[in-house]
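structure26.csv, holding CSV, C-alpha atoms:
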```
chain,number,residue,atom,x,y,z
A,1,MET,CA,110.1,10.8,-87.6
A,2,SER,CA,106.4,11.8,-87.3
A,3,LYS,CA,105.3,15.4,-87.6
A,4,PRO,CA,104.5,17.2,-84.4
A,5,PHE,CA,100.8,17.7,-83.4
A,6,LYS,CA,100.2,21.4,-83.6
A,7,PHE,CA,97.8,23.2,-81.4
A,8,LYS,CA,97.1,27.0,-81.4
A,9,GLN,CA,99.7,27.9,-78.7
A,10,PHE,CA,102.0,24.8,-78.6
A,11,SER,CA,103.2,21.7,-80.5
A,12,ILE,CA,103.7,18.2,-79.3
A,13,GLU,CA,106.1,15.6,-80.5
A,14,GLN,CA,104.7,12.1,-79.9
A,15,ASP,CA,106.9,9.7,-81.9
A,16,ARG,CA,108.4,8.2,-78.7
A,17,CYS,CA,105.2,7.8,-76.8
A,18,ALA,CA,103.2,4.6,-76.8
A,19,MET,CA,99.8,6.4,-76.6
A,20,LYS,CA,99.3,9.2,-79.1
A,21,ILE,CA,97.2,12.3,-78.7
A,22,GLY,CA,93.5,11.4,-78.7
A,23,THR,CA,90.1,13.0,-78.2
A,24,ASP,CA,90.0,11.9,-74.5
A,25,SER,CA,93.1,13.9,-73.6
A,26,VAL,CA,91.9,17.0,-75.4
A,27,ILE,CA,88.4,16.9,-73.8
A,28,LEU,CA,89.9,16.3,-70.3
A,29,GLY,CA,92.4,19.1,-70.7
A,30,ALA,CA,89.8,21.5,-71.8
A,31,TRP,CA,87.1,20.4,-69.4
A,32,ALA,CA,89.0,20.1,-66.1
A,33,ASN,CA,87.8,22.7,-63.7
A,34,ILE,CA,90.1,25.7,-63.0
A,35,LYS,CA,87.5,28.0,-61.5
A,36,LYS,CA,89.3,27.9,-58.2
A,37,GLN,CA,92.5,29.1,-59.9
A,38,PRO,CA,94.8,26.2,-58.8
A,39,LYS,CA,98.4,27.0,-58.0
A,40,GLN,CA,99.7,23.5,-57.9
A,41,ILE,CA,98.7,21.0,-60.6
A,42,LEU,CA,99.7,17.4,-61.1
A,43,ASP,CA,99.3,15.2,-64.2
A,44,ILE,CA,99.6,11.4,-63.4
A,45,GLY,CA,100.7,9.3,-66.3
A,46,SER,CA,101.6,12.3,-68.5
A,47,GLY,CA,102.6,10.6,-71.8
A,48,THR,CA,103.3,13.4,-74.2
A,49,GLY,CA,102.5,16.0,-71.5
A,50,ILE,CA,99.4,17.2,-73.3
A,51,LEU,CA,97.2,17.6,-70.2
A,52,ALA,CA,99.9,19.6,-68.4
A,53,LEU,CA,100.4,21.8,-71.4
A,54,MET,CA,96.7,22.5,-71.9
A,55,LEU,CA,96.4,23.4,-68.2
A,56,ALA,CA,99.4,25.7,-68.5
A,57,GLN,CA,97.7,27.5,-71.3
A,58,ARG,CA,94.4,27.7,-69.5
A,59,SER,CA,95.6,28.6,-66.0
A,60,SER,CA,98.1,30.8,-64.1
A,61,ALA,CA,99.2,27.9,-61.9
A,62,GLU,CA,102.7,28.5,-60.6
A,63,ASN,CA,103.7,24.9,-60.6
A,64,ILE,CA,102.5,22.2,-63.0
A,65,GLU,CA,104.1,18.8,-62.5
A,66,ALA,CA,103.7,15.5,-64.4
A,67,LEU,CA,105.0,12.0,-64.0
A,68,ASP,CA,105.3,8.9,-66.2
A,69,ILE,CA,106.8,5.5,-65.4
A,70,ASP,CA,107.8,5.0,-69.1
A,71,GLU,CA,111.3,6.3,-69.8
A,72,GLU,CA,110.6,7.2,-73.5
A,73,ALA,CA,107.4,9.0,-72.6
A,74,TYR,CA,109.1,10.9,-69.7
A,75,GLU,CA,111.9,12.1,-72.0
A,76,GLN,CA,109.5,13.2,-74.7
A,77,CYS,CA,107.3,14.9,-72.1
A,78,VAL,CA,110.4,16.9,-70.9
A,79,ASP,CA,111.2,17.9,-74.5
A,80,ASN,CA,107.6,19.0,-75.1
A,81,PHE,CA,107.6,21.1,-71.9
A,82,GLU,CA,111.0,22.7,-72.7
A,83,SER,CA,109.9,23.8,-76.2
A,84,SER,CA,106.6,25.3,-74.9
A,85,PRO,CA,105.9,28.9,-73.9
A,86,TRP,CA,105.4,27.8,-70.3
A,87,ALA,CA,108.7,25.9,-69.7
A,88,ASP,CA,109.4,27.7,-66.5
A,89,ARG,CA,106.2,26.4,-64.9
A,90,LEU,CA,106.3,22.8,-66.1
A,91,PHE,CA,108.2,19.9,-64.5
A,92,CYS,CA,108.2,16.1,-65.3
A,93,TYR,CA,109.3,13.2,-63.2
A,94,HIS,CA,110.3,9.7,-64.3
A,95,ALA,CA,108.5,7.8,-61.6
A,96,GLY,CA,105.6,5.5,-60.8
A,97,LEU,CA,102.7,6.9,-58.7
A,98,ASP,CA,103.6,4.8,-55.6
A,99,GLU,CA,107.2,6.1,-55.4
A,100,PHE,CA,106.1,9.6,-56.2
A,101,VAL,CA,103.7,9.6,-53.3
A,102,ASP,CA,106.3,8.2,-51.0
A,103,ASP,CA,108.9,10.9,-51.9
A,104,LEU,CA,106.7,14.0,-51.9
A,105,GLU,CA,104.8,15.9,-49.2
A,106,ASP,CA,103.2,18.4,-51.6
A,107,ARG,CA,99.5,18.8,-51.9
A,108,TYR,CA,97.9,19.7,-55.3
A,109,ASN,CA,94.8,21.9,-55.9
A,110,LEU,CA,94.1,20.0,-59.2
A,111,ILE,CA,95.1,16.5,-60.2
A,112,VAL,CA,94.4,15.1,-63.7
A,113,SER,CA,94.9,11.7,-65.2
A,114,ASN,CA,94.0,10.0,-68.4
A,115,PRO,CA,94.8,6.5,-67.0
A,116,PRO,CA,95.0,3.2,-68.8
A,117,PHE,CA,91.6,1.5,-68.5
A,118,TYR,CA,91.6,-1.7,-70.6
A,119,SER,CA,91.1,-4.2,-67.7
A,120,GLU,CA,91.3,-7.1,-70.1
A,121,VAL,CA,94.7,-8.2,-71.3
A,122,VAL,CA,95.4,-6.7,-74.7
A,123,SER,CA,98.4,-7.3,-77.0
A,124,SER,CA,99.3,-5.1,-79.9
A,125,GLY,CA,102.8,-6.4,-80.2
A,126,ASN,CA,104.1,-3.2,-78.7
A,127,ILE,CA,105.0,-3.7,-75.1
A,128,SER,CA,105.0,0.1,-74.2
A,129,ARG,CA,101.6,0.6,-75.8
A,130,ASP,CA,100.1,-2.4,-74.0
A,131,ILE,CA,101.4,-1.1,-70.7
A,132,ALA,CA,100.0,2.3,-71.4
A,133,ARG,CA,96.6,0.9,-72.3
A,134,GLN,CA,96.1,-1.7,-69.6
A,135,ASN,CA,95.1,-0.7,-66.1
A,136,GLN,CA,97.2,-3.5,-64.7
A,137,SER,CA,100.1,-0.9,-64.8
A,138,LEU,CA,98.0,1.6,-62.8
A,139,PRO,CA,94.8,0.0,-61.4
A,140,PHE,CA,92.1,2.5,-60.4
A,141,ASN,CA,92.3,1.6,-56.7
A,142,GLU,CA,96.0,2.5,-56.8
A,143,LEU,CA,95.3,5.7,-58.7
A,144,PHE,CA,92.6,6.8,-56.1
A,145,GLU,CA,94.8,5.8,-53.2
A,146,GLY,CA,97.6,8.0,-54.5
A,147,VAL,CA,95.3,10.9,-55.4
A,148,SER,CA,93.8,10.8,-51.9
A,149,LYS,CA,97.3,11.4,-50.4
A,150,LEU,CA,98.3,14.1,-52.9
A,151,LEU,CA,95.1,16.1,-53.3
A,152,ASP,CA,94.5,19.2,-51.2
A,153,LYS,CA,91.5,19.0,-48.9
A,154,ASP,CA,89.6,21.5,-51.2
A,155,GLY,CA,91.2,20.1,-54.4
A,156,ILE,CA,89.7,18.5,-57.5
A,157,PHE,CA,90.7,15.3,-59.3
A,158,ALA,CA,89.6,15.0,-62.9
A,159,SER,CA,89.8,11.8,-64.9
A,160,VAL,CA,88.3,9.7,-67.7
A,161,ALA,CA,87.0,6.2,-67.9
A,162,PRO,CA,84.8,4.0,-70.1
A,163,PHE,CA,81.2,4.7,-69.5
A,164,LYS,CA,80.5,1.0,-68.7
A,165,GLU,CA,83.0,1.4,-65.8
A,166,GLU,CA,81.5,4.6,-64.4
A,167,LYS,CA,79.6,3.1,-61.4
A,168,LYS,CA,82.4,0.8,-60.5
A,169,ILE,CA,85.0,3.6,-60.5
A,170,ILE,CA,82.8,5.9,-58.4
A,171,LYS,CA,82.5,3.1,-55.8
A,172,ILE,CA,86.3,2.6,-55.8
A,173,ALA,CA,86.7,6.4,-55.3
A,174,GLN,CA,84.4,6.4,-52.3
A,175,ILE,CA,86.7,4.0,-50.5
A,176,PHE,CA,89.2,6.8,-50.5
A,177,LYS,CA,86.6,9.4,-49.5
A,178,LEU,CA,86.4,10.9,-53.0
A,179,PHE,CA,83.0,11.7,-54.4
A,180,PRO,CA,81.8,12.7,-57.9
A,181,LEU,CA,81.2,16.5,-58.3
A,182,ARG,CA,80.7,16.6,-62.1
A,183,ILE,CA,80.3,14.0,-64.8
A,184,LEU,CA,80.5,14.6,-68.6
A,185,ARG,CA,79.2,11.6,-70.6
A,186,VAL,CA,80.5,11.7,-74.2
A,187,LYS,CA,79.3,10.1,-77.3
A,188,GLY,CA,80.6,10.2,-80.9
A,189,ASN,CA,77.4,11.3,-82.5
A,190,ASP,CA,73.7,11.6,-81.6
A,191,SER,CA,72.9,8.0,-82.5
A,192,SER,CA,76.0,6.3,-81.0
A,193,PRO,CA,76.1,5.0,-77.4
A,194,ILE,CA,77.8,6.9,-74.6
A,195,LYS,CA,81.5,5.9,-74.8
A,196,ARG,CA,83.3,7.9,-72.1
A,197,SER,CA,82.7,9.3,-68.7
A,198,PHE,CA,84.8,12.3,-67.6
A,199,ILE,CA,84.5,12.6,-63.8
A,200,GLU,CA,85.6,15.2,-61.3
A,201,PHE,CA,86.1,14.1,-57.7
A,202,THR,CA,86.4,16.0,-54.5
A,203,PHE,CA,86.5,15.1,-50.8
A,204,THR,CA,83.2,16.9,-50.3
A,205,LYS,CA,80.0,14.8,-50.8
A,206,THR,CA,77.5,16.8,-52.9
A,207,ASP,CA,74.9,16.5,-55.6
A,208,THR,CA,76.6,15.4,-58.9
A,209,LYS,CA,76.2,17.6,-61.9
A,210,ILE,CA,75.7,15.4,-65.0
A,211,GLU,CA,76.1,16.6,-68.6
A,212,GLU,CA,76.3,15.1,-72.0
A,213,LEU,CA,78.6,16.0,-74.9
A,214,ILE,CA,78.2,14.9,-78.5
A,215,ILE,CA,81.3,15.3,-80.6
A,216,GLU,CA,80.1,15.1,-84.2
A,217,LYS,CA,76.9,15.9,-86.1
A,218,GLU,CA,78.3,13.8,-88.9
A,219,ARG,CA,81.8,12.7,-89.9
A,220,HIS,CA,84.2,15.6,-89.4
A,221,GLN,CA,81.2,18.0,-88.8
A,222,TYR,CA,81.6,18.9,-85.1
A,223,THR,CA,78.9,20.1,-82.8
A,224,ASN,CA,78.8,23.6,-81.4
A,225,ASP,CA,79.3,22.2,-77.9
A,226,TYR,CA,82.5,20.4,-78.9
A,227,LYS,CA,83.8,23.4,-80.8
A,228,LYS,CA,83.1,25.7,-77.8
A,229,LEU,CA,85.0,23.3,-75.5
A,230,THR,CA,88.1,22.8,-77.7
A,231,LYS,CA,88.3,26.1,-79.7
A,232,ASP,CA,91.2,27.5,-77.7
A,233,PHE,CA,93.4,24.5,-78.8
A,234,TYR,CA,92.6,23.0,-82.2
A,235,LEU,CA,93.9,25.0,-85.1
A,236,LYS,CA,90.8,24.5,-87.2
A,237,MET,CA,88.1,25.1,-84.6
```
Rewrite the structure of this file - the entire thing - as structure tokens.
Amino acid sequence: MSKPFKFKQFSIEQDRCAMKIGTDSVILGAWANIKKQPKQILDIGSGTGILALMLAQRSSAENIEALDIDEEAYEQCVDNFESSPWADRLFCYHAGLDEFVDDLEDRYNLIVSNPPFYSEVVSSGNISRDIARQNQSLPFNELFEGVSKLLDKDGIFASVAPFKEEKKIIKIAQIFKLFPLRILRVKGNDSSPIKRSFIEFTFTKTDTKIEELIIEKERHQYTNDYKKLTKDFYLKM
């Protein structure tokens, strides 16, 4: 059994999850906007539950829900929620987005998702991992359709995608009347290409605020911006 991943205020077991904790999730959980003090938060495709746990630490939201279609991930997420300091505010559902949308009439002030975004067919020999990585299991059009039905009219949806897919994803979002509010473009170091786009969507069309984040100055030497973003979570920041 692998060791839990320890953050400053909580720990995460991830041995039963196909997708392990990565930089994308930590950045998204730390970057997602909580200035409007959301009361209802939803994490779509929760995996270990890291995004919901980070938002529980950052916010005073009364109700933070998560869902995952994979049974092993769902069970591990429940365990991680129950062992956290915020167990009374965290709930996980074993469901796909389509059935979740059909069963609920709730509206959320903030929705987050670190979705699968490998559009090409990949095979690692691990079926659960492949499903978690490929957007065939949750295509972006299905994600935005679900979000458009679950998001409060003044709510925010925060997600992450490959930078090369940024324009395409923004076009898909517009079909469902969702427009980019903020974009954070992330690169590993100063000389590397932009790898990820973290995008915040709302139902209000406005000028998009675009920023850039560089993670490392050199190997394992993190930039001040990255330290500032993640210092409340990483033990050694």
Straight-line distance linking CA of Ile199 in chain A with CA of Leu97 in chain A, stated in Å to one decimal: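 Computed distance, CA of Ile199 in chain A to CA of Leu97 in chain A, equals 19.7 Å.
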One-decimal distance in Å that lies between CA of Ala73 in chain A and CA of Cys17 in chain A: 4.9 Å
All residues 7 Å or closer to range 49-53 of chain A, all atoms listed in the file, same chain fewer than 6 positions away omitted, as a PyMOL selection string: chain A and resi 25+29+43+64+66+77+80
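Residue nearest Asp79 in chain A, chosen from A:Ala61, A:Ile194, A:Ile12, A:Leu151 and counting only C-alpha atoms: A:Ile12.
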Residue nearest Ala18 in chain A among A:Pro116, A:Asp103, A:Lys36, A:Leu90 (counting all atoms listed in the file):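 Of all the options, A:Pro116 lies closest to Ala18 in chain A.
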Gap from CA of Phe91 in chain A to CA of Tyr74 in chain A - Å, one decimal: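 Taking CA of Phe91 in chain A as the start and CA of Tyr74 in chain A as the end point, the length is 10.4 Å.
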10 Å contact set for Asn33 in chain A, all atoms listed in the file, chain neighbours under 3 positions out, as a list in words: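 Within the cut-off, the hits are Leu28, Gly29, Ala30, Lys36, Gln37, Pro38, Leu55, Leu110, Ile156, Phe157, Ala158, Arg182 and Glu200 of chain A.
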Contacts of Ile215 in chain A at 9 Å (only C-alpha atoms; same-chain gap of 3+ positions) as a PyMOL selection string: chain A and resi 186-190+218+221-227
Residues near Tyr108 in chain A, cut-off 10 Å, only C-alpha atoms, skip fewer than 2 positions along chain, as a list in words: Pro38, Lys39, Gln40, Ile41, Leu42, Asn63, Ile64, Glu65, Glu105, Asp106, Leu110, Ile111, Val147, Lys149, Leu150, Leu151, Asp152, Lys153, Asp154, Gly155, Ile156 and Phe157 of chain A
Residue among A:Asn109, A:Thr23, A:Ser192, A:Met54 lying closest to Lys8 in chain A, counting only C-alpha atoms: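 Among A:Asn109, A:Thr23, A:Ser192, A:Met54, it is A:Met54 that comes nearest to Lys8 in chain A.
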Residues within 10 Å of (86.6, 11.2, -54.7), counting all atoms listed in the file, listed as an MDAnalysis selection string: chainID A and resid 144:145 147:148 151 156:158 169:181 199:205
Can I get the selection written as a PDB file, in the frame of the given file, with C-alpha atoms?
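This is the output file selection-v7.pdb:
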```
ATOM      1  CA  PHE A 144      92.600   6.800 -56.100  1.00  0.00           C
ATOM      2  CA  GLU A 145      94.800   5.800 -53.200  1.00  0.00           C
ATOM      3  CA  VAL A 147      95.300  10.900 -55.400  1.00  0.00           C
ATOM      4  CA  SER A 148      93.800  10.800 -51.900  1.00  0.00           C
ATOM      5  CA  LEU A 151      95.100  16.100 -53.300  1.00  0.00           C
ATOM      6  CA  ILE A 156      89.700  18.500 -57.500  1.00  0.00           C
ATOM      7  CA  PHE A 157      90.700  15.300 -59.300  1.00  0.00           C
ATOM      8  CA  ALA A 158      89.600  15.000 -62.900  1.00  0.00           C
ATOM      9  CA  ILE A 169      85.000   3.600 -60.500  1.00  0.00           C
ATOM     10  CA  ILE A 170      82.800   5.900 -58.400  1.00  0.00           C
ATOM     11  CA  LYS A 171      82.500   3.100 -55.800  1.00  0.00           C
ATOM     12  CA  ILE A 172      86.300   2.600 -55.800  1.00  0.00           C
ATOM     13  CA  ALA A 173      86.700   6.400 -55.300  1.00  0.00           C
ATOM     14  CA  GLN A 174      84.400   6.400 -52.300  1.00  0.00           C
ATOM     15  CA  ILE A 175      86.700   4.000 -50.500  1.00  0.00           C
ATOM     16  CA  PHE A 176      89.200   6.800 -50.500  1.00  0.00           C
ATOM     17  CA  LYS A 177      86.600   9.400 -49.500  1.00  0.00           C
ATOM     18  CA  LEU A 178      86.400  10.900 -53.000  1.00  0.00           C
ATOM     19  CA  PHE A 179      83.000  11.700 -54.400  1.00  0.00           C
ATOM     20  CA  PRO A 180      81.800  12.700 -57.900  1.00  0.00           C
ATOM     21  CA  LEU A 181      81.200  16.500 -58.300  1.00  0.00           C
ATOM     22  CA  ILE A 199      84.500  12.600 -63.800  1.00  0.00           C
ATOM     23  CA  GLU A 200      85.600  15.200 -61.300  1.00  0.00           C
ATOM     24  CA  PHE A 201      86.100  14.100 -57.700  1.00  0.00           C
ATOM     25  CA  THR A 202      86.400  16.000 -54.500  1.00  0.00           C
ATOM     26  CA  PHE A 203      86.500  15.100 -50.800  1.00  0.00           C
ATOM     27  CA  THR A 204      83.200  16.900 -50.300  1.00  0.00           C
ATOM     28  CA  LYS A 205      80.000  14.800 -50.800  1.00  0.00           C
TER      29      LYS A 205
END
```
Option closest in space to Val112 in chain A, from A:Leu235, A:Met19, A:Ile214, A:Ile34 [counting all atoms listed in the file]: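 Closest to Val112 in chain A of all the choices is A:Ile34.
The smallest atom-to-atom distance between Phe100 in chain A and any of A:Asn114, A:Phe81, A:Ala87, A:Gly45, using only C-alpha atoms, is found for A:Gly45.
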Within 9 Å of Lys3 in chain A using all atoms listed in the file, minus same-chain residues under 5 positions, as a PDB file with C-alpha atoms, in the frame of the given file:
```
ATOM      1  CA  ILE A  12     103.700  18.200 -79.300  1.00  0.00           C
ATOM      2  CA  GLU A  13     106.100  15.600 -80.500  1.00  0.00           C
ATOM      3  CA  GLN A  14     104.700  12.100 -79.900  1.00  0.00           C
ATOM      4  CA  ASP A  15     106.900   9.700 -81.900  1.00  0.00           C
TER       5      ASP A  15
END
```
Pick from A:Pro115, A:Pro4, A:Pro85, A:Gly47 nearest to Pro139 in chain A, counting all atoms listed in the file: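 Using all atoms listed in the file, Pro139 in chain A sits closest to A:Pro115.
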